[in-house]
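The data block below is data-v9.cif; it holds mmCIF, C-alpha atoms.
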data_entry
#
loop_
_atom_site.group_PDB
_atom_site.id
_atom_site.type_symbol
_atom_site.label_atom_id
_atom_site.label_comp_id
_atom_site.auth_asym_id
_atom_site.auth_seq_id
_atom_site.Cartn_x
_atom_site.Cartn_y
_atom_site.Cartn_z
ATOM 1 C CA MET Z 1 -21.419 -48.889 9.994
ATOM 2 C CA THR Z 2 -18.957 -50.701 7.747
ATOM 3 C CA SER Z 3 -19.767 -51.749 4.212
ATOM 4 C CA SER Z 4 -20.591 -55.400 3.594
ATOM 5 C CA VAL Z 5 -18.891 -55.250 0.190
ATOM 6 C CA PRO Z 6 -15.386 -56.760 0.448
ATOM 7 C CA LYS Z 7 -12.535 -54.395 -0.241
ATOM 8 C CA VAL Z 8 -10.154 -55.150 -3.080
ATOM 9 C CA ALA Z 9 -6.359 -54.931 -3.151
ATOM 10 C CA LEU Z 10 -3.889 -55.204 -6.005
ATOM 11 C CA VAL Z 11 -0.437 -56.483 -5.071
ATOM 12 C CA THR Z 12 2.320 -56.421 -7.684
ATOM 13 C CA GLY Z 13 5.235 -58.823 -7.560
ATOM 14 C CA ALA Z 14 2.870 -61.161 -5.759
ATOM 15 C CA ALA Z 15 4.054 -64.572 -6.916
ATOM 16 C CA ARG Z 16 6.451 -64.925 -3.990
ATOM 17 C CA GLY Z 17 8.127 -63.201 -1.079
ATOM 18 C CA ILE Z 18 6.788 -60.030 0.482
ATOM 19 C CA GLY Z 19 4.152 -59.621 -2.216
ATOM 20 C CA LEU Z 20 2.635 -63.044 -1.637
ATOM 21 C CA ALA Z 21 2.765 -62.556 2.142
ATOM 22 C CA ALA Z 22 0.914 -59.253 1.740
ATOM 23 C CA ALA Z 23 -1.736 -60.898 -0.443
ATOM 24 C CA LYS Z 24 -2.281 -63.561 2.209
ATOM 25 C CA ARG Z 25 -2.650 -60.868 4.881
ATOM 26 C CA PHE Z 26 -5.356 -59.069 2.911
ATOM 27 C CA LEU Z 27 -7.196 -62.347 2.295
ATOM 28 C CA ALA Z 28 -7.043 -63.176 6.000
ATOM 29 C CA ASP Z 29 -8.978 -59.992 6.718
ATOM 30 C CA GLY Z 30 -11.679 -60.720 4.163
ATOM 31 C CA TRP Z 31 -10.368 -58.659 1.270
ATOM 32 C CA ARG Z 32 -10.371 -59.776 -2.332
ATOM 33 C CA VAL Z 33 -6.948 -59.669 -3.939
ATOM 34 C CA ALA Z 34 -5.590 -59.319 -7.457
ATOM 35 C CA LEU Z 35 -2.092 -60.762 -7.592
ATOM 36 C CA LEU Z 36 0.096 -59.468 -10.408
ATOM 37 C CA ASP Z 37 3.496 -60.754 -11.486
ATOM 38 C CA ILE Z 38 5.600 -61.040 -14.616
ATOM 39 C CA GLU Z 39 6.271 -64.738 -13.906
ATOM 40 C CA GLY Z 40 3.020 -66.268 -15.080
ATOM 41 C CA ALA Z 41 3.545 -69.920 -14.183
ATOM 42 C CA LEU Z 42 4.876 -69.134 -10.722
ATOM 43 C CA LEU Z 43 1.954 -66.764 -10.153
ATOM 44 C CA GLU Z 44 -0.656 -69.303 -11.242
ATOM 45 C CA ASN Z 45 0.792 -71.872 -8.853
ATOM 46 C CA ALA Z 46 0.846 -69.372 -5.983
ATOM 47 C CA VAL Z 47 -2.750 -68.334 -6.537
ATOM 48 C CA ALA Z 48 -3.885 -71.939 -6.862
ATOM 49 C CA ALA Z 49 -2.205 -72.727 -3.546
ATOM 50 C CA LEU Z 50 -4.240 -69.977 -1.855
ATOM 51 C CA LYS Z 51 -7.401 -72.007 -2.619
ATOM 52 C CA LYS Z 52 -9.647 -68.930 -2.728
ATOM 53 C CA PRO Z 53 -10.733 -68.760 -6.370
ATOM 54 C CA GLU Z 54 -13.703 -66.489 -5.657
ATOM 55 C CA ASP Z 55 -11.523 -63.931 -3.895
ATOM 56 C CA THR Z 56 -8.383 -63.927 -6.028
ATOM 57 C CA LEU Z 57 -7.403 -62.915 -9.535
ATOM 58 C CA ALA Z 58 -4.067 -63.745 -11.177
ATOM 59 C CA LEU Z 59 -2.699 -61.176 -13.627
ATOM 60 C CA THR Z 60 0.473 -61.781 -15.618
ATOM 61 C CA CYS Z 61 1.960 -58.414 -16.445
ATOM 62 C CA ASP Z 62 5.161 -56.383 -16.622
ATOM 63 C CA VAL Z 63 4.604 -53.291 -14.472
ATOM 64 C CA ALA Z 64 6.849 -51.306 -16.814
ATOM 65 C CA ASP Z 65 4.396 -51.901 -19.691
ATOM 66 C CA ALA Z 66 1.788 -49.119 -19.604
ATOM 67 C CA GLU Z 67 -0.687 -50.924 -21.854
ATOM 68 C CA GLY Z 68 -0.376 -54.124 -19.857
ATOM 69 C CA VAL Z 69 -0.910 -52.266 -16.595
ATOM 70 C CA ALA Z 70 -3.998 -50.500 -17.946
ATOM 71 C CA ALA Z 71 -5.405 -53.839 -19.108
ATOM 72 C CA ALA Z 72 -4.741 -55.390 -15.687
ATOM 73 C CA ILE Z 73 -6.578 -52.591 -13.872
ATOM 74 C CA ALA Z 74 -9.486 -52.955 -16.299
ATOM 75 C CA SER Z 75 -9.601 -56.693 -15.526
ATOM 76 C CA ILE Z 76 -9.779 -55.969 -11.800
ATOM 77 C CA ASN Z 77 -12.604 -53.500 -12.335
ATOM 78 C CA ARG Z 78 -14.551 -56.008 -14.426
ATOM 79 C CA ARG Z 79 -14.040 -58.834 -11.941
ATOM 80 C CA PHE Z 80 -14.438 -57.041 -8.600
ATOM 81 C CA GLY Z 81 -15.966 -53.676 -9.503
ATOM 82 C CA ARG Z 82 -13.670 -51.626 -7.275
ATOM 83 C CA LEU Z 83 -10.128 -51.132 -6.039
ATOM 84 C CA ASP Z 84 -9.295 -49.976 -2.520
ATOM 85 C CA ALA Z 85 -5.566 -50.629 -2.148
ATOM 86 C CA LEU Z 86 -2.519 -50.864 -4.378
ATOM 87 C CA VAL Z 87 0.755 -52.345 -3.170
ATOM 88 C CA ASN Z 88 3.605 -51.485 -5.540
ATOM 89 C CA ASN Z 89 5.920 -54.307 -4.562
ATOM 90 C CA ALA Z 90 7.292 -55.541 -7.915
ATOM 91 C CA GLY Z 91 10.998 -54.860 -8.215
ATOM 92 C CA VAL Z 92 14.230 -56.068 -9.734
ATOM 93 C CA ALA Z 93 17.828 -55.791 -8.628
ATOM 94 C CA VAL Z 94 21.181 -56.154 -10.319
ATOM 95 C CA PHE Z 95 24.049 -55.761 -7.880
ATOM 96 C CA ALA Z 96 27.236 -54.663 -9.619
ATOM 97 C CA PRO Z 97 29.951 -52.010 -9.315
ATOM 98 C CA VAL Z 98 28.899 -48.762 -10.962
ATOM 99 C CA LEU Z 99 31.534 -49.104 -13.687
ATOM 100 C CA GLU Z 100 30.183 -52.567 -14.486
ATOM 101 C CA THR Z 101 26.500 -51.592 -14.418
ATOM 102 C CA SER Z 102 25.288 -51.719 -18.002
ATOM 103 C CA ASP Z 103 23.018 -49.093 -19.485
ATOM 104 C CA ALA Z 104 20.462 -51.839 -20.120
ATOM 105 C CA ASP Z 105 20.490 -52.949 -16.481
ATOM 106 C CA TRP Z 106 20.186 -49.354 -15.259
ATOM 107 C CA ASN Z 107 17.234 -48.698 -17.570
ATOM 108 C CA ARG Z 108 15.451 -51.914 -16.641
ATOM 109 C CA ILE Z 109 15.833 -51.307 -12.895
ATOM 110 C CA MET Z 110 14.452 -47.779 -13.254
ATOM 111 C CA ALA Z 111 11.631 -49.008 -15.482
ATOM 112 C CA VAL Z 112 10.423 -51.644 -13.041
ATOM 113 C CA ASN Z 113 11.230 -50.085 -9.660
ATOM 114 C CA LEU Z 114 10.284 -46.471 -10.370
ATOM 115 C CA THR Z 115 8.276 -46.183 -13.586
ATOM 116 C CA GLY Z 116 6.257 -49.293 -12.683
ATOM 117 C CA PRO Z 117 4.724 -47.790 -9.514
ATOM 118 C CA PHE Z 118 4.077 -44.553 -11.435
ATOM 119 C CA LEU Z 119 2.191 -46.426 -14.155
ATOM 120 C CA CYS Z 120 0.263 -48.605 -11.712
ATOM 121 C CA THR Z 121 -0.746 -45.582 -9.654
ATOM 122 C CA LYS Z 122 -1.924 -43.634 -12.695
ATOM 123 C CA ALA Z 123 -4.066 -46.565 -13.794
ATOM 124 C CA ALA Z 124 -5.401 -47.418 -10.324
ATOM 125 C CA ALA Z 125 -6.234 -43.966 -8.972
ATOM 126 C CA PRO Z 126 -9.294 -43.317 -11.188
ATOM 127 C CA VAL Z 127 -10.831 -46.634 -10.091
ATOM 128 C CA MET Z 128 -10.124 -45.862 -6.426
ATOM 129 C CA ARG Z 129 -11.677 -42.415 -6.832
ATOM 130 C CA GLU Z 130 -14.972 -43.953 -7.954
ATOM 131 C CA HIS Z 131 -15.496 -45.426 -4.476
ATOM 132 C CA GLY Z 132 -14.246 -42.571 -2.373
ATOM 133 C CA GLY Z 133 -10.519 -43.196 -2.424
ATOM 134 C CA GLY Z 134 -8.130 -45.794 -1.104
ATOM 135 C CA ALA Z 135 -4.540 -46.409 -0.117
ATOM 136 C CA ILE Z 136 -1.294 -47.012 -1.955
ATOM 137 C CA VAL Z 137 1.832 -48.514 -0.411
ATOM 138 C CA ASN Z 138 5.130 -48.418 -2.270
ATOM 139 C CA ILE Z 139 7.829 -50.868 -1.224
ATOM 140 C CA THR Z 140 11.060 -48.901 -1.124
ATOM 141 C CA SER Z 141 14.173 -50.164 0.656
ATOM 142 C CA ILE Z 142 16.710 -49.346 3.282
ATOM 143 C CA SER Z 143 18.920 -48.863 0.211
ATOM 144 C CA ALA Z 144 16.926 -45.695 -0.535
ATOM 145 C CA VAL Z 145 18.496 -43.950 2.468
ATOM 146 C CA ARG Z 146 21.731 -45.842 3.124
ATOM 147 C CA ALA Z 147 24.247 -46.132 0.315
ATOM 148 C CA SER Z 148 26.130 -49.388 -0.046
ATOM 149 C CA THR Z 149 28.365 -51.058 -2.582
ATOM 150 C CA LEU Z 150 26.981 -52.555 -5.797
ATOM 151 C CA ARG Z 151 23.660 -50.681 -5.546
ATOM 152 C CA SER Z 152 24.031 -47.543 -7.654
ATOM 153 C CA ALA Z 153 21.033 -48.439 -9.816
ATOM 154 C CA TYR Z 154 18.914 -50.275 -7.245
ATOM 155 C CA GLY Z 155 19.415 -47.773 -4.424
ATOM 156 C CA THR Z 156 18.786 -44.804 -6.690
ATOM 157 C CA SER Z 157 15.580 -46.340 -8.039
ATOM 158 C CA LYS Z 158 14.313 -46.905 -4.502
ATOM 159 C CA ALA Z 159 15.276 -43.385 -3.418
ATOM 160 C CA GLY Z 160 13.301 -42.085 -6.371
ATOM 161 C CA LEU Z 161 10.351 -44.227 -5.327
ATOM 162 C CA ALA Z 162 10.518 -42.812 -1.805
ATOM 163 C CA HIS Z 163 10.228 -39.289 -3.158
ATOM 164 C CA LEU Z 164 7.530 -40.313 -5.633
ATOM 165 C CA THR Z 165 5.605 -41.589 -2.606
ATOM 166 C CA LYS Z 166 5.574 -38.091 -1.130
ATOM 167 C CA GLN Z 167 4.667 -36.475 -4.453
ATOM 168 C CA LEU Z 168 1.746 -38.840 -4.907
ATOM 169 C CA ALA Z 169 0.589 -38.357 -1.313
ATOM 170 C CA VAL Z 170 0.349 -34.615 -1.830
ATOM 171 C CA GLU Z 171 -1.328 -34.797 -5.232
ATOM 172 C CA LEU Z 172 -3.778 -37.630 -4.606
ATOM 173 C CA ALA Z 173 -5.015 -36.512 -1.184
ATOM 174 C CA SER Z 174 -7.802 -34.542 -2.848
ATOM 175 C CA LEU Z 175 -9.077 -37.818 -4.328
ATOM 176 C CA GLY Z 176 -9.194 -39.476 -0.911
ATOM 177 C CA ILE Z 177 -6.130 -41.583 -1.707
ATOM 178 C CA ARG Z 178 -3.393 -41.984 0.887
ATOM 179 C CA VAL Z 179 0.117 -42.905 -0.270
ATOM 180 C CA ASN Z 180 2.823 -44.297 1.995
ATOM 181 C CA GLY Z 181 5.944 -46.393 1.713
ATOM 182 C CA VAL Z 182 7.405 -49.351 3.547
ATOM 183 C CA ALA Z 183 11.196 -49.616 3.588
ATOM 184 C CA PRO Z 184 12.304 -53.159 4.385
ATOM 185 C CA GLY Z 185 15.675 -53.958 5.828
ATOM 186 C CA PRO Z 186 17.090 -57.466 5.268
ATOM 187 C CA VAL Z 187 14.196 -59.923 5.027
ATOM 188 C CA GLU Z 188 14.101 -63.716 5.063
ATOM 189 C CA THR Z 189 13.088 -64.083 1.425
ATOM 190 C CA ALA Z 190 14.123 -66.791 -1.013
ATOM 191 C CA MET Z 191 16.299 -64.211 -2.778
ATOM 192 C CA ALA Z 192 18.137 -63.257 0.400
ATOM 193 C CA LYS Z 193 18.685 -66.870 1.336
ATOM 194 C CA ALA Z 194 20.168 -67.517 -2.105
ATOM 195 C CA VAL Z 195 22.577 -64.571 -2.294
ATOM 196 C CA HIS Z 196 23.494 -63.769 1.320
ATOM 197 C CA THR Z 197 26.463 -65.854 2.424
ATOM 198 C CA PRO Z 198 26.863 -66.772 6.104
ATOM 199 C CA GLU Z 199 29.438 -63.977 6.368
ATOM 200 C CA ILE Z 200 27.023 -61.410 4.919
ATOM 201 C CA ARG Z 201 24.264 -62.593 7.211
ATOM 202 C CA ALA Z 202 26.550 -62.269 10.222
ATOM 203 C CA ASP Z 203 27.488 -58.731 9.177
ATOM 204 C CA TYR Z 204 23.810 -57.806 8.888
ATOM 205 C CA HIS Z 205 23.052 -59.287 12.288
ATOM 206 C CA ASP Z 206 25.859 -57.199 13.756
ATOM 207 C CA ALA Z 207 24.392 -54.018 12.228
ATOM 208 C CA ILE Z 208 20.756 -54.598 13.192
ATOM 209 C CA PRO Z 209 19.723 -53.795 16.776
ATOM 210 C CA LEU Z 210 17.156 -56.607 16.795
ATOM 211 C CA ASN Z 211 19.965 -58.912 15.615
ATOM 212 C CA ARG Z 212 18.004 -60.814 12.978
ATOM 213 C CA TYR Z 213 16.423 -60.602 9.559
ATOM 214 C CA GLY Z 214 12.776 -59.607 9.248
ATOM 215 C CA LEU Z 215 10.065 -62.044 8.235
ATOM 216 C CA GLU Z 216 7.916 -61.638 5.151
ATOM 217 C CA GLU Z 217 4.868 -61.727 7.420
ATOM 218 C CA GLU Z 218 6.214 -58.811 9.459
ATOM 219 C CA LEU Z 219 6.477 -56.714 6.313
ATOM 220 C CA ALA Z 220 2.969 -57.790 5.331
ATOM 221 C CA GLU Z 221 1.575 -56.553 8.657
ATOM 222 C CA ALA Z 222 3.049 -53.085 8.082
ATOM 223 C CA ILE Z 223 1.712 -52.986 4.523
ATOM 224 C CA PHE Z 224 -1.744 -54.057 5.640
ATOM 225 C CA PHE Z 225 -1.818 -51.494 8.446
ATOM 226 C CA LEU Z 226 -1.028 -48.641 6.067
ATOM 227 C CA CYS Z 227 -3.796 -49.798 3.716
ATOM 228 C CA SER Z 228 -6.336 -50.140 6.519
ATOM 229 C CA ASP Z 229 -8.682 -47.601 8.069
ATOM 230 C CA ARG Z 230 -6.462 -47.653 11.156
ATOM 231 C CA ALA Z 231 -4.005 -45.536 9.164
ATOM 232 C CA SER Z 232 -6.669 -43.088 7.994
ATOM 233 C CA TYR Z 233 -4.636 -39.972 8.895
ATOM 234 C CA ILE Z 234 -1.262 -41.242 7.703
ATOM 235 C CA THR Z 235 -0.008 -40.239 4.268
ATOM 236 C CA GLY Z 236 3.304 -39.256 2.715
ATOM 237 C CA GLN Z 237 5.301 -41.369 5.175
ATOM 238 C CA ILE Z 238 8.011 -43.987 4.766
ATOM 239 C CA LEU Z 239 7.859 -46.659 7.476
ATOM 240 C CA ALA Z 240 11.135 -48.507 7.946
ATOM 241 C CA VAL Z 241 10.537 -52.137 8.894
ATOM 242 C CA ASP Z 242 14.154 -52.984 9.452
ATOM 243 C CA GLY Z 243 14.823 -54.057 13.030
ATOM 244 C CA GLY Z 244 16.403 -50.686 13.738
ATOM 245 C CA PHE Z 245 18.995 -50.989 10.943
ATOM 246 C CA ASP Z 246 18.627 -47.411 9.711
ATOM 247 C CA ALA Z 247 18.675 -46.003 13.249
ATOM 248 C CA ALA Z 248 21.927 -47.653 14.294
ATOM 249 C CA GLY Z 249 25.481 -46.361 14.034
ATOM 250 C CA ILE Z 250 28.665 -48.361 14.137
ATOM 251 C CA GLY Z 251 30.027 -50.539 16.902
ATOM 252 C CA LEU Z 252 26.927 -52.522 17.831
ATOM 253 C CA PRO Z 253 28.706 -55.873 18.373
ATOM 254 C CA THR Z 254 31.288 -54.331 20.709
ATOM 255 C CA LEU Z 255 28.689 -52.353 22.617
ATOM 256 C CA ARG Z 256 26.672 -55.528 23.049
ATOM 257 C CA GLY Z 257 29.727 -57.424 24.188
ATOM 258 C CA GLN Z 258 29.158 -59.851 21.354
ATOM 259 C CA ARG Z 259 32.073 -59.145 19.032
ATOM 260 C CA ARG Z 260 32.536 -62.064 16.691
ATOM 261 C CA ASN Z 261 35.715 -64.056 16.832
ATOM 262 C CA GLY Z 262 37.606 -64.787 13.673
#
Please express the file's structure as structure tokens.
Amino acid sequence: MTSSVPKVALVTGAARGIGLAAAKRFLADGWRVALLDIEGALLENAVAALKKPEDTLALTCDVADAEGVAAAIASINRRFGRLDALVNNAGVAVFAPVLETSDADWNRIMAVNLTGPFLCTKAAAPVMREHGGGAIVNITSISAVRASTLRSAYGTSKAGLAHLTKQLAVELASLGIRVNGVAPGPVETAMAKAVHTPEIRADYHDAIPLNRYGLEEELAEAIFFLCSDRASYITGQILAVDGGFDAAGIGLPTLRGQRRNG
């Protein structure tokens, strides 16, 4: 018999993109959702647009700020009385050659992408434990396993997060908390649309067996699955949601008979 008390999820970086799509997916299944983001105005507008004031909570916070994170978790506990899932989605990226990557940019990327999930997990786990456990999903990246240009800081932070996922899975299992990761490939987000030129998009299409970018909603489905009871025996895993990008070698366009002209 399932509990009649709605489950509660916290999604960081939830004002837009994959985070907002994940929040919508939880809400669609009857969960309550705390949406956290550093961009307060954007977050307030996103939460207002959801039109579910009884089931949502907006929290403006920098995930790299330990005191702010602790206060956010306390607010969730006061409002909803429990926490069943944490989605560590907040992240930043600065794409630059390694010799042009500033110390400040390196430190900020590590603080948000790697220390942030560590801080959020430390604050969330005791609340999850009170109700028998829960699930954590860290959003890593294909850049955690495939090196590319301009990503020395970003890719390294995501690789660290992938390993942190396994560390946390091993250590938190005794508390009934499962920890997994989702590694997106190229996704149709506002950021990708802004920075990926037609030439870059064509190159990605050539390298992806499914020959397209992923949708935010497709990432949200994977996140929701890993947080759900359907994934009750899955922990310590990184699920690539990338259209086969990581699995593929070179020469896809030629093998398909679709080599681009030009």
Starting from the shown file, work through the PyMOL selection byres ((chain Z and resi 81) around 10) and note down what comes out as a short mmCIF file (atom, residue, chain, number, x, y, z; two decimals) with C-alpha atoms, in the coordinates of the input.
data_model
loop_
_atom_site.label_atom_id
_atom_site.label_comp_id
_atom_site.auth_asym_id
_atom_site.auth_seq_id
_atom_site.Cartn_x
_atom_site.Cartn_y
_atom_site.Cartn_z
CA LYS Z 7 -12.54 -54.40 -0.24
CA VAL Z 8 -10.15 -55.15 -3.08
CA ALA Z 74 -9.49 -52.96 -16.30
CA SER Z 75 -9.60 -56.69 -15.53
CA ILE Z 76 -9.78 -55.97 -11.80
CA ASN Z 77 -12.60 -53.50 -12.34
CA ARG Z 78 -14.55 -56.01 -14.43
CA ARG Z 79 -14.04 -58.83 -11.94
CA PHE Z 80 -14.44 -57.04 -8.60
CA ARG Z 82 -13.67 -51.63 -7.28
CA LEU Z 83 -10.13 -51.13 -6.04
CA VAL Z 127 -10.83 -46.63 -10.09
CA GLU Z 130 -14.97 -43.95 -7.95
CA HIS Z 131 -15.50 -45.43 -4.48
#
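In this model, the gap between atom CA of Ala111 of chain Z and atom CA of Tyr154 of chain Z comes to 11.1 Å.
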TODO: Pick out the residues sitting within 12 Å of His205 of chain Z, and hand them over as JSON, numbers by chain; count only C-alpha atoms, and ignore anything fewer than 2 positions along from it in its own chain.
DONE: {"Z": [185, 186, 187, 196, 198, 199, 200, 201, 202, 203, 207, 208, 209, 210, 211, 212, 213, 214, 242, 243, 244, 245, 248, 252, 253, 256, 258, 259, 260]}
Task: Which residue of Z:Leu168, Z:Cys120, Z:Asn89, Z:Asp55 approaches Val182 of chain Z most closely, using all atoms listed in the file - done: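 Counting all atoms listed in the file, the residue closest to Val182 of chain Z is Z:Asn89.
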Task: Proximity to Val92 of chain Z - best of Z:Leu59, Z:Met191, Z:Gly132, Z:Glu218, only C-alpha atoms - done: Z:Met191
TODO: Check what the PyMOL selection byres ((chain Z and resi 41) around 12) selects in the file above and give those residues as a count of residues only.
DONE: 18
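Taking atom CA of Ala240 of chain Z as the reference point, atom CA of Gly181 of chain Z is found at 8.4 Å.
Every protein or nucleic acid residue with an atom no more than 6 Å from Ala34 of chain Z, counting only C-alpha atoms and leaving out same-chain residues fewer than 4 positions away, appears here: Z:Leu10, Z:Thr56, Z:Leu57, Z:Ala58.
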TODO: Please provide the set of residues having any atom within 8 Å of Val179 of chain Z, restricted to all atoms listed in the file, with same-chain residues fewer than 6 positions apart removed, written as a VMD selection string.
DONE: chain Z and resid 135 to 138 165 to 166 168 to 169 172 235 to 237
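Atom CA of Met110 of chain Z to atom CA of Thr156 of chain Z spans 8.4 Å [interatomic distance, one decimal].
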Open item on the list: I'd like to know which of Z:Gly155, Z:Thr149, Z:Thr140, Z:Leu226 is closest to Pro184 of chain Z, using all atoms listed in the file.
Closed with: Z:Thr140
Non-local contacts of Gly116 of chain Z (10 Å; only C-alpha atoms; under 3 positions in same chain excluded) as an mmCIF file with C-alpha atoms, in the coordinates of the input:
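Once written, selection-v6.cif looks like this:
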data_model
loop_
_atom_site.group_PDB
_atom_site.id
_atom_site.type_symbol
_atom_site.label_atom_id
_atom_site.label_comp_id
_atom_site.auth_asym_id
_atom_site.auth_seq_id
_atom_site.Cartn_x
_atom_site.Cartn_y
_atom_site.Cartn_z
ATOM 1 C CA THR Z 12 2.320 -56.421 -7.684
ATOM 2 C CA ASP Z 62 5.161 -56.383 -16.622
ATOM 3 C CA VAL Z 63 4.604 -53.291 -14.472
ATOM 4 C CA ALA Z 64 6.849 -51.306 -16.814
ATOM 5 C CA ASP Z 65 4.396 -51.901 -19.691
ATOM 6 C CA ALA Z 66 1.788 -49.119 -19.604
ATOM 7 C CA VAL Z 69 -0.910 -52.266 -16.595
ATOM 8 C CA ASN Z 88 3.605 -51.485 -5.540
ATOM 9 C CA ASN Z 89 5.920 -54.307 -4.562
ATOM 10 C CA ALA Z 90 7.292 -55.541 -7.915
ATOM 11 C CA GLY Z 91 10.998 -54.860 -8.215
ATOM 12 C CA ILE Z 109 15.833 -51.307 -12.895
ATOM 13 C CA MET Z 110 14.452 -47.779 -13.254
ATOM 14 C CA ALA Z 111 11.631 -49.008 -15.482
ATOM 15 C CA VAL Z 112 10.423 -51.644 -13.041
ATOM 16 C CA ASN Z 113 11.230 -50.085 -9.660
ATOM 17 C CA LEU Z 119 2.191 -46.426 -14.155
ATOM 18 C CA CYS Z 120 0.263 -48.605 -11.712
ATOM 19 C CA THR Z 121 -0.746 -45.582 -9.654
ATOM 20 C CA LYS Z 122 -1.924 -43.634 -12.695
ATOM 21 C CA LEU Z 161 10.351 -44.227 -5.327
#
Open item on the list: As a check of understanding, name the residues that the PyMOL selection byres ((chain Z and resi 94-96) around 9) selects in the supplied structure, as an MDAnalysis selection string.
Closed with: chainID Z and resid 92:93 97:101 105:106 109 149:154
